[in-house]
file target.cif (mmCIF, N, CA and C atoms)
data_query
loop_
_atom_site.label_atom_id
_atom_site.label_comp_id
_atom_site.auth_asym_id
_atom_site.auth_seq_id
_atom_site.Cartn_x
_atom_site.Cartn_y
_atom_site.Cartn_z
N MET W 1 -27.77 4.67 0.34
CA MET W 1 -27.95 4.69 -1.09
C MET W 1 -27.04 3.62 -1.69
N SER W 2 -27.60 2.71 -2.46
CA SER W 2 -26.79 1.65 -3.03
C SER W 2 -26.53 1.91 -4.50
N GLU W 3 -25.50 1.27 -4.99
CA GLU W 3 -25.14 1.42 -6.39
C GLU W 3 -26.08 0.62 -7.27
N GLN W 4 -26.10 0.97 -8.53
CA GLN W 4 -26.89 0.24 -9.50
C GLN W 4 -26.16 -1.06 -9.85
N PRO W 5 -26.89 -2.11 -10.22
CA PRO W 5 -26.22 -3.34 -10.65
C PRO W 5 -25.32 -3.05 -11.85
N ARG W 6 -24.23 -3.77 -11.93
CA ARG W 6 -23.30 -3.58 -13.04
C ARG W 6 -23.38 -4.75 -14.00
N ARG W 7 -23.19 -4.46 -15.25
CA ARG W 7 -23.19 -5.49 -16.28
C ARG W 7 -21.75 -5.95 -16.49
N GLU W 8 -21.53 -7.25 -16.38
CA GLU W 8 -20.21 -7.80 -16.63
C GLU W 8 -19.94 -7.74 -18.11
N ARG W 9 -18.76 -7.32 -18.47
CA ARG W 9 -18.40 -7.18 -19.88
C ARG W 9 -18.41 -8.53 -20.60
N GLY W 10 -19.09 -8.54 -21.71
CA GLY W 10 -19.05 -9.70 -22.60
C GLY W 10 -19.87 -10.90 -22.15
N THR W 11 -20.52 -10.84 -20.99
CA THR W 11 -21.26 -12.02 -20.53
C THR W 11 -22.76 -11.86 -20.70
N GLY W 12 -23.23 -10.61 -20.78
CA GLY W 12 -24.66 -10.38 -20.87
C GLY W 12 -25.37 -10.53 -19.53
N LYS W 13 -24.61 -10.87 -18.47
CA LYS W 13 -25.19 -11.06 -17.14
C LYS W 13 -25.08 -9.78 -16.34
N VAL W 14 -26.06 -9.56 -15.50
CA VAL W 14 -26.04 -8.42 -14.60
C VAL W 14 -25.88 -8.96 -13.19
N ARG W 15 -24.93 -8.41 -12.45
CA ARG W 15 -24.74 -8.85 -11.08
C ARG W 15 -24.87 -7.64 -10.17
N PRO W 16 -25.29 -7.85 -8.93
CA PRO W 16 -25.44 -6.71 -8.03
C PRO W 16 -24.09 -6.09 -7.74
N ALA W 17 -24.10 -4.79 -7.50
CA ALA W 17 -22.87 -4.09 -7.14
C ALA W 17 -22.38 -4.61 -5.80
N GLU W 18 -21.08 -4.61 -5.62
CA GLU W 18 -20.49 -5.09 -4.37
C GLU W 18 -20.79 -4.13 -3.23
N GLU W 19 -21.09 -4.68 -2.09
CA GLU W 19 -21.34 -3.86 -0.91
C GLU W 19 -20.05 -3.14 -0.52
N PRO W 20 -20.14 -1.88 -0.09
CA PRO W 20 -18.94 -1.13 0.28
C PRO W 20 -18.10 -1.81 1.35
N ILE W 21 -18.74 -2.42 2.34
CA ILE W 21 -17.98 -3.08 3.41
C ILE W 21 -17.17 -4.24 2.85
N ALA W 22 -17.74 -4.99 1.91
CA ALA W 22 -16.99 -6.11 1.29
C ALA W 22 -15.81 -5.58 0.50
N ALA W 23 -16.02 -4.47 -0.21
CA ALA W 23 -14.92 -3.88 -0.99
C ALA W 23 -13.81 -3.41 -0.06
N LEU W 24 -14.16 -2.78 1.07
CA LEU W 24 -13.14 -2.34 2.02
C LEU W 24 -12.43 -3.53 2.65
N GLY W 25 -13.13 -4.64 2.83
CA GLY W 25 -12.54 -5.83 3.41
C GLY W 25 -11.35 -6.34 2.62
N ARG W 26 -11.41 -6.17 1.30
CA ARG W 26 -10.28 -6.60 0.46
C ARG W 26 -9.05 -5.74 0.71
N HIS W 27 -9.27 -4.52 1.23
CA HIS W 27 -8.17 -3.60 1.50
C HIS W 27 -7.85 -3.50 2.98
N ALA W 28 -8.37 -4.42 3.79
CA ALA W 28 -8.11 -4.36 5.22
C ALA W 28 -6.60 -4.31 5.44
N PRO W 29 -6.12 -3.33 6.20
CA PRO W 29 -4.68 -3.13 6.33
C PRO W 29 -3.95 -4.28 7.01
N TRP W 30 -4.67 -5.10 7.75
CA TRP W 30 -4.02 -6.22 8.44
C TRP W 30 -3.97 -7.47 7.58
N MET W 31 -4.59 -7.44 6.41
CA MET W 31 -4.54 -8.60 5.50
C MET W 31 -3.13 -8.77 4.98
N PRO W 32 -2.71 -10.01 4.73
CA PRO W 32 -1.37 -10.21 4.15
C PRO W 32 -1.24 -9.48 2.82
N VAL W 33 -0.09 -8.91 2.58
CA VAL W 33 0.14 -8.17 1.35
C VAL W 33 0.55 -9.12 0.23
N THR W 34 0.28 -8.69 -0.99
CA THR W 34 0.70 -9.46 -2.16
C THR W 34 2.16 -9.12 -2.43
N VAL W 35 2.95 -10.15 -2.57
CA VAL W 35 4.38 -9.90 -2.80
C VAL W 35 4.91 -10.87 -3.85
N ASP W 36 5.72 -10.34 -4.71
CA ASP W 36 6.38 -11.10 -5.76
C ASP W 36 7.66 -11.71 -5.19
N PRO W 37 8.04 -12.91 -5.60
CA PRO W 37 9.29 -13.49 -5.09
C PRO W 37 10.51 -12.59 -5.32
N ALA W 38 10.50 -11.79 -6.38
CA ALA W 38 11.62 -10.87 -6.64
C ALA W 38 11.73 -9.83 -5.53
N ILE W 39 10.59 -9.41 -4.99
CA ILE W 39 10.61 -8.42 -3.90
C ILE W 39 11.21 -9.05 -2.65
N VAL W 40 10.81 -10.28 -2.36
CA VAL W 40 11.34 -10.97 -1.18
C VAL W 40 12.85 -11.14 -1.31
N SER W 41 13.30 -11.59 -2.46
CA SER W 41 14.75 -11.77 -2.64
C SER W 41 15.46 -10.42 -2.61
N GLY W 42 14.81 -9.37 -3.12
CA GLY W 42 15.41 -8.04 -3.06
C GLY W 42 15.54 -7.53 -1.64
N LEU W 43 14.51 -7.75 -0.82
CA LEU W 43 14.59 -7.35 0.59
C LEU W 43 15.70 -8.11 1.31
N GLN W 44 15.80 -9.40 1.02
CA GLN W 44 16.85 -10.20 1.64
C GLN W 44 18.23 -9.73 1.19
N ALA W 45 18.37 -9.39 -0.09
CA ALA W 45 19.65 -8.89 -0.60
C ALA W 45 19.99 -7.53 0.00
N MET W 46 18.97 -6.69 0.20
CA MET W 46 19.21 -5.39 0.84
C MET W 46 19.70 -5.59 2.27
N ALA W 47 19.13 -6.54 2.98
CA ALA W 47 19.56 -6.82 4.35
C ALA W 47 21.01 -7.31 4.39
N ARG W 48 21.39 -8.07 3.37
CA ARG W 48 22.78 -8.56 3.29
C ARG W 48 23.73 -7.47 2.80
N GLY W 49 23.20 -6.46 2.12
CA GLY W 49 24.03 -5.38 1.59
C GLY W 49 24.55 -5.63 0.20
N ASP W 50 23.93 -6.55 -0.54
CA ASP W 50 24.41 -6.83 -1.90
C ASP W 50 23.29 -6.82 -2.95
N CYS W 51 22.37 -5.89 -2.79
CA CYS W 51 21.22 -5.79 -3.70
C CYS W 51 21.58 -4.89 -4.88
N PRO W 52 21.35 -5.36 -6.11
CA PRO W 52 21.64 -4.50 -7.27
C PRO W 52 20.72 -3.29 -7.30
N PRO W 53 21.19 -2.17 -7.85
CA PRO W 53 20.42 -0.92 -7.83
C PRO W 53 19.01 -1.04 -8.41
N HIS W 54 18.84 -1.75 -9.52
CA HIS W 54 17.50 -1.84 -10.12
C HIS W 54 16.52 -2.57 -9.20
N LEU W 55 17.02 -3.55 -8.44
CA LEU W 55 16.16 -4.28 -7.52
C LEU W 55 15.86 -3.44 -6.27
N GLN W 56 16.83 -2.62 -5.84
CA GLN W 56 16.59 -1.71 -4.72
C GLN W 56 15.44 -0.77 -5.05
N GLN W 57 15.43 -0.24 -6.27
CA GLN W 57 14.37 0.68 -6.68
C GLN W 57 13.02 -0.03 -6.71
N LYS W 58 13.00 -1.27 -7.18
CA LYS W 58 11.76 -2.04 -7.24
C LYS W 58 11.22 -2.31 -5.84
N VAL W 59 12.10 -2.68 -4.93
CA VAL W 59 11.70 -2.97 -3.55
C VAL W 59 11.18 -1.70 -2.86
N LEU W 60 11.87 -0.59 -3.05
CA LEU W 60 11.45 0.67 -2.43
C LEU W 60 10.08 1.08 -2.96
N GLN W 61 9.85 0.94 -4.25
CA GLN W 61 8.54 1.29 -4.81
C GLN W 61 7.46 0.38 -4.25
N TRP W 62 7.76 -0.90 -4.05
CA TRP W 62 6.79 -1.83 -3.47
C TRP W 62 6.44 -1.41 -2.04
N VAL W 63 7.44 -1.02 -1.26
CA VAL W 63 7.21 -0.59 0.12
C VAL W 63 6.29 0.63 0.13
N ILE W 64 6.55 1.60 -0.73
CA ILE W 64 5.73 2.81 -0.78
C ILE W 64 4.31 2.47 -1.22
N ASP W 65 4.17 1.68 -2.27
CA ASP W 65 2.84 1.31 -2.76
C ASP W 65 2.04 0.53 -1.72
N THR W 66 2.70 -0.39 -1.04
CA THR W 66 2.04 -1.21 -0.03
C THR W 66 1.60 -0.37 1.16
N SER W 67 2.39 0.62 1.52
CA SER W 67 2.04 1.45 2.67
C SER W 67 0.81 2.30 2.40
N ARG W 68 0.52 2.55 1.15
CA ARG W 68 -0.66 3.37 0.81
C ARG W 68 -1.95 2.56 0.85
N ASN W 69 -1.87 1.25 0.98
CA ASN W 69 -3.04 0.38 1.21
C ASN W 69 -4.12 0.53 0.14
N GLY W 70 -3.72 0.72 -1.10
CA GLY W 70 -4.69 0.82 -2.18
C GLY W 70 -5.62 2.01 -2.05
N GLY W 71 -5.23 3.01 -1.30
CA GLY W 71 -6.05 4.20 -1.13
C GLY W 71 -7.08 4.11 -0.02
N ALA W 72 -7.27 2.94 0.57
CA ALA W 72 -8.25 2.79 1.65
C ALA W 72 -7.58 3.11 2.98
N LEU W 73 -7.89 4.28 3.51
CA LEU W 73 -7.31 4.69 4.79
C LEU W 73 -8.35 4.84 5.89
N TYR W 74 -9.61 4.95 5.51
CA TYR W 74 -10.68 5.09 6.49
C TYR W 74 -11.64 3.92 6.36
N PHE W 75 -11.94 3.30 7.49
CA PHE W 75 -12.86 2.17 7.53
C PHE W 75 -13.99 2.55 8.47
N PRO W 76 -15.22 2.63 7.96
CA PRO W 76 -16.34 3.16 8.74
C PRO W 76 -16.77 2.27 9.90
N GLY W 77 -17.45 2.89 10.83
CA GLY W 77 -18.04 2.16 11.95
C GLY W 77 -17.08 1.92 13.08
N GLU W 78 -17.64 1.52 14.22
CA GLU W 78 -16.82 1.24 15.40
C GLU W 78 -15.86 0.09 15.13
N ALA W 79 -16.31 -0.90 14.38
CA ALA W 79 -15.45 -2.05 14.07
C ALA W 79 -14.29 -1.64 13.17
N GLY W 80 -14.45 -0.57 12.41
CA GLY W 80 -13.40 -0.13 11.51
C GLY W 80 -12.39 0.80 12.13
N ARG W 81 -12.60 1.12 13.40
CA ARG W 81 -11.71 2.08 14.07
C ARG W 81 -10.26 1.57 14.12
N ARG W 82 -10.08 0.33 14.51
CA ARG W 82 -8.72 -0.23 14.56
C ARG W 82 -8.10 -0.34 13.19
N ASP W 83 -8.92 -0.74 12.19
CA ASP W 83 -8.42 -0.83 10.82
C ASP W 83 -7.97 0.54 10.32
N THR W 84 -8.74 1.57 10.65
CA THR W 84 -8.37 2.94 10.25
C THR W 84 -7.06 3.34 10.91
N ASP W 85 -6.92 3.07 12.21
CA ASP W 85 -5.68 3.40 12.92
C ASP W 85 -4.49 2.67 12.30
N TYR W 86 -4.68 1.39 12.01
CA TYR W 86 -3.62 0.58 11.42
C TYR W 86 -3.24 1.13 10.05
N ALA W 87 -4.25 1.42 9.22
CA ALA W 87 -3.99 1.92 7.87
C ALA W 87 -3.28 3.27 7.91
N LEU W 88 -3.67 4.14 8.84
CA LEU W 88 -3.02 5.44 8.93
C LEU W 88 -1.57 5.32 9.41
N GLY W 89 -1.31 4.38 10.30
CA GLY W 89 0.07 4.14 10.73
C GLY W 89 0.92 3.63 9.58
N ARG W 90 0.34 2.75 8.80
CA ARG W 90 1.04 2.20 7.63
C ARG W 90 1.30 3.31 6.61
N ALA W 91 0.32 4.17 6.38
CA ALA W 91 0.47 5.27 5.44
C ALA W 91 1.52 6.27 5.93
N PHE W 92 1.58 6.46 7.25
CA PHE W 92 2.57 7.37 7.81
C PHE W 92 3.98 6.92 7.43
N LEU W 93 4.23 5.64 7.51
CA LEU W 93 5.55 5.13 7.13
C LEU W 93 5.86 5.45 5.67
N GLY W 94 4.92 5.16 4.78
CA GLY W 94 5.14 5.42 3.36
C GLY W 94 5.35 6.89 3.06
N GLU W 95 4.52 7.75 3.68
CA GLU W 95 4.65 9.18 3.45
C GLU W 95 5.95 9.73 4.01
N THR W 96 6.42 9.16 5.13
CA THR W 96 7.70 9.58 5.69
C THR W 96 8.84 9.23 4.75
N ILE W 97 8.80 8.03 4.18
CA ILE W 97 9.83 7.62 3.22
C ILE W 97 9.82 8.54 2.01
N VAL W 98 8.63 8.82 1.47
CA VAL W 98 8.53 9.71 0.31
C VAL W 98 9.06 11.10 0.65
N THR W 99 8.76 11.59 1.85
CA THR W 99 9.27 12.90 2.28
C THR W 99 10.79 12.91 2.29
N PHE W 100 11.40 11.86 2.83
CA PHE W 100 12.85 11.77 2.87
C PHE W 100 13.45 11.69 1.47
N LEU W 101 12.77 11.00 0.57
CA LEU W 101 13.27 10.88 -0.80
C LEU W 101 13.25 12.22 -1.53
N ARG W 102 12.32 13.08 -1.18
CA ARG W 102 12.19 14.39 -1.83
C ARG W 102 13.04 15.47 -1.17
N MET W 103 13.65 15.17 -0.04
CA MET W 103 14.43 16.14 0.70
C MET W 103 15.71 16.51 -0.04
N THR W 104 16.09 17.76 0.08
CA THR W 104 17.37 18.21 -0.46
C THR W 104 18.30 18.43 0.72
N LEU W 105 19.42 17.73 0.73
CA LEU W 105 20.38 17.85 1.82
C LEU W 105 21.47 18.84 1.44
N ARG W 106 21.89 19.64 2.39
CA ARG W 106 22.97 20.59 2.14
C ARG W 106 24.31 19.90 2.44
N ARG W 107 25.24 20.14 1.60
CA ARG W 107 26.59 19.61 1.84
C ARG W 107 27.31 20.49 2.86
N ASN W 108 28.25 19.89 3.58
CA ASN W 108 29.05 20.58 4.58
C ASN W 108 28.22 21.22 5.69
N SER W 109 27.13 20.58 6.03
CA SER W 109 26.33 21.10 7.15
C SER W 109 26.69 20.32 8.41
N GLU W 110 26.14 20.71 9.53
CA GLU W 110 26.43 20.05 10.78
C GLU W 110 25.98 18.61 10.78
N ASN W 111 24.92 18.29 10.05
CA ASN W 111 24.35 16.95 10.06
C ASN W 111 24.88 16.05 8.96
N GLY W 112 25.86 16.41 8.25
CA GLY W 112 26.41 15.51 7.26
C GLY W 112 26.62 16.17 5.98
#
call {"tool": "encode", "arguments": {"input": "target.cif", "output": "structure tokens"}}
result
Amino acid sequence: MSEQPRRERGTGKVRPAEEPIAALGRHAPWMPVTVDPAIVSGLQAMARGDCPPHLQQKVLQWVIDTSRNGGALYFPGEAGRRDTDYALGRAFLGETIVTFLRMTLRRNSENG
């Protein structure tokens, strides 16, 4: 079942709806991620140990957002099997970080 053609706003032109496979291709988990120079410098500063707190928060949010892969975690077909595995591994990292951020640690326990 295909989507209906969509009308582009303000142009009066109608173009065919994008094929689902093409739309998923833009979210392929192995594609290079979009990154702002501030994120790169923030990651480098974190590695050096001198990153300001506001930049640390921005970098961490970027890592979490990037790991979610724009919501595309399943890629159909035999060809999409590796992409699905890759995307789920990437999502696992992000979800693990979020889990740790939500954890409540007890003081004076055996683990710290």
call {"tool": "residues_around", "arguments": {"input": "target.cif", "residues": "W:Gly42", "least_positions_apart": "5", "cutoff": "6.5 Å", "atoms": "all atoms listed in the file", "output": "list in words"}}
result
Pro37, Ala47, Cys51, Leu55, Gln56 and Val59 of chain W
call {"tool": "residues_around", "arguments": {"input": "target.cif", "residues": "W:Ala87", "least_positions_apart": "2", "cutoff": "8 Å", "atoms": "only N, CA and C atoms", "output": "PyMOL selection string"}}
result
chain W and resi 28-30+67-69+72-74+81-85+89-93
call {"tool": "axis_aligned_box", "arguments": {"input": "target.cif", "around": "stretch 72-89 of chain W", "padding_each_side": "5 Å", "output": "lines of an AutoDock Vina configuration file"}}
result
center_x = -8.6
center_y = 1.7
center_z = 8.0
size_x = 29.0
size_y = 17.5
size_z = 24.8
call {"tool": "atom_distance", "arguments": {"input": "target.cif", "atom1": "atom CA of W:Ile64", "atom2": "atom CA of W:Gly49"}}
result
20.2 Å
call {"tool": "atom_distance", "arguments": {"input": "target.cif", "atom1": "atom CA of W:Val98", "atom2": "atom N of W:Gln57"}}
result
13.8 Å
call {"tool": "atom_distance", "arguments": {"input": "target.cif", "atom1": "atom CA of W:Ile39", "atom2": "atom CA of W:Thr104"}}
result
27.7 Å
call {"tool": "closest_residue", "arguments": {"input": "target.cif", "among": "W:Lys58, W:Pro53, W:Thr66, W:Ala79", "to": "W:Pro32", "atoms": "only C-alpha atoms"}}
result
W:Thr66
